[in-house]
Amino acid sequence: MQRLIYISSTRSPLTTAELDAILIASRRNNAAVGVTGLLVAGGRRFLQALEGPEAAVETVFNRIKADPRHHAVVILSRTTIDTPTFGQWAMGFNRGGTGSGDAITLPETVATLVEPITDPIVRGYFEGFAQVHAAA
């Protein structure tokens, strides 16, 4: 099994409806090939972890790279794993608050999502992303 963590930017701001459509498609497509993970959106940036059989993770990631809404796709980590970090999540997701009037900030929502994750590196990627985007 493989875990791939990447960051990317959107070419233009996405609406809530567009983000929801991405989530629905991701969950459907990922579940069909046995890929689990977590997606966090902060402004126009995405941080995503994908886990599953190596060929399936590569197929999902190649589809993401080919999506014209994305650019500046950068792999942060690619690791062989024995057990999945994200359990049965077809795709955990949080769009997150920005802290500017939102009841819950992006760091708070990410902290809740990653609480059950025991891998400190995976937690660090998501918590760091949340801190950076909350400060922006």
# chains A, B, ... in the order shown; residues from 1 in each chain; ligands from 1

call {"tool": "residues_around", "arguments": {"residues": "A:Val122", "least_positions_apart": "2", "cutoff": "12 Å", "atoms": "only C-alpha atoms", "output": "PyMOL selection string"}}
result
chain A and resi 3-6+37-38+47-51+76-79+84-86+110-111+113-120+124-129

call {"tool": "residues_around", "arguments": {"residues": "stretch 62-74 of chain A", "least_positions_apart": "3", "cutoff": "8 Å", "atoms": "only C-alpha atoms", "output": "ChimeraX atom specification"}}
result
/A:6-12,58-59

call {"tool": "atom_distance", "arguments": {"atom1": "atom CA of A:Gly43", "atom2": "atom CA of A:Leu14"}}
result
8.9 Å

call {"tool": "select_by_dssp", "arguments": {"residues": "stretch 4-97 of chain A", "states": "helix (DSSP H, G or I)", "output": "PyMOL selection string"}}
result
chain A and resi 16-33+54-66

call {"tool": "closest_residue", "arguments": {"among": "A:Gln131, A:Asn29, A:Thr36, A:Thr15", "to": "A:Pro53", "atoms": "only C-alpha atoms"}}
result
A:Thr36

call {"tool": "atom_distance", "arguments": {"atom1": "atom CA of A:Pro13", "atom2": "atom CA of A:Ala135"}}
result
18.5 Å

call {"tool": "select_by_dssp", "arguments": {"residues": "chain A", "states": "strand (DSSP E or B)", "output": "ChimeraX atom specification"}}
result
/A:2-10,36-42,45-52,70-80,92-94

call {"tool": "closest_residue", "arguments": {"among": "A:Ile121, A:Val35, A:Met1, A:Val40", "to": "A:Leu23", "atoms": "only C-alpha atoms"}}
result
A:Val40

call {"tool": "closest_residue", "arguments": {"among": "A:Ala41, A:Thr109, A:Val57, A:Gln2", "to": "A:Thr80", "atoms": "only C-alpha atoms"}}
result
A:Gln2

call {"tool": "closest_residue", "arguments": {"among": "A:Leu106, A:Ala55, A:Phe46, A:Val60", "to": "A:Ser26", "atoms": "only C-alpha atoms"}}
result
A:Val60
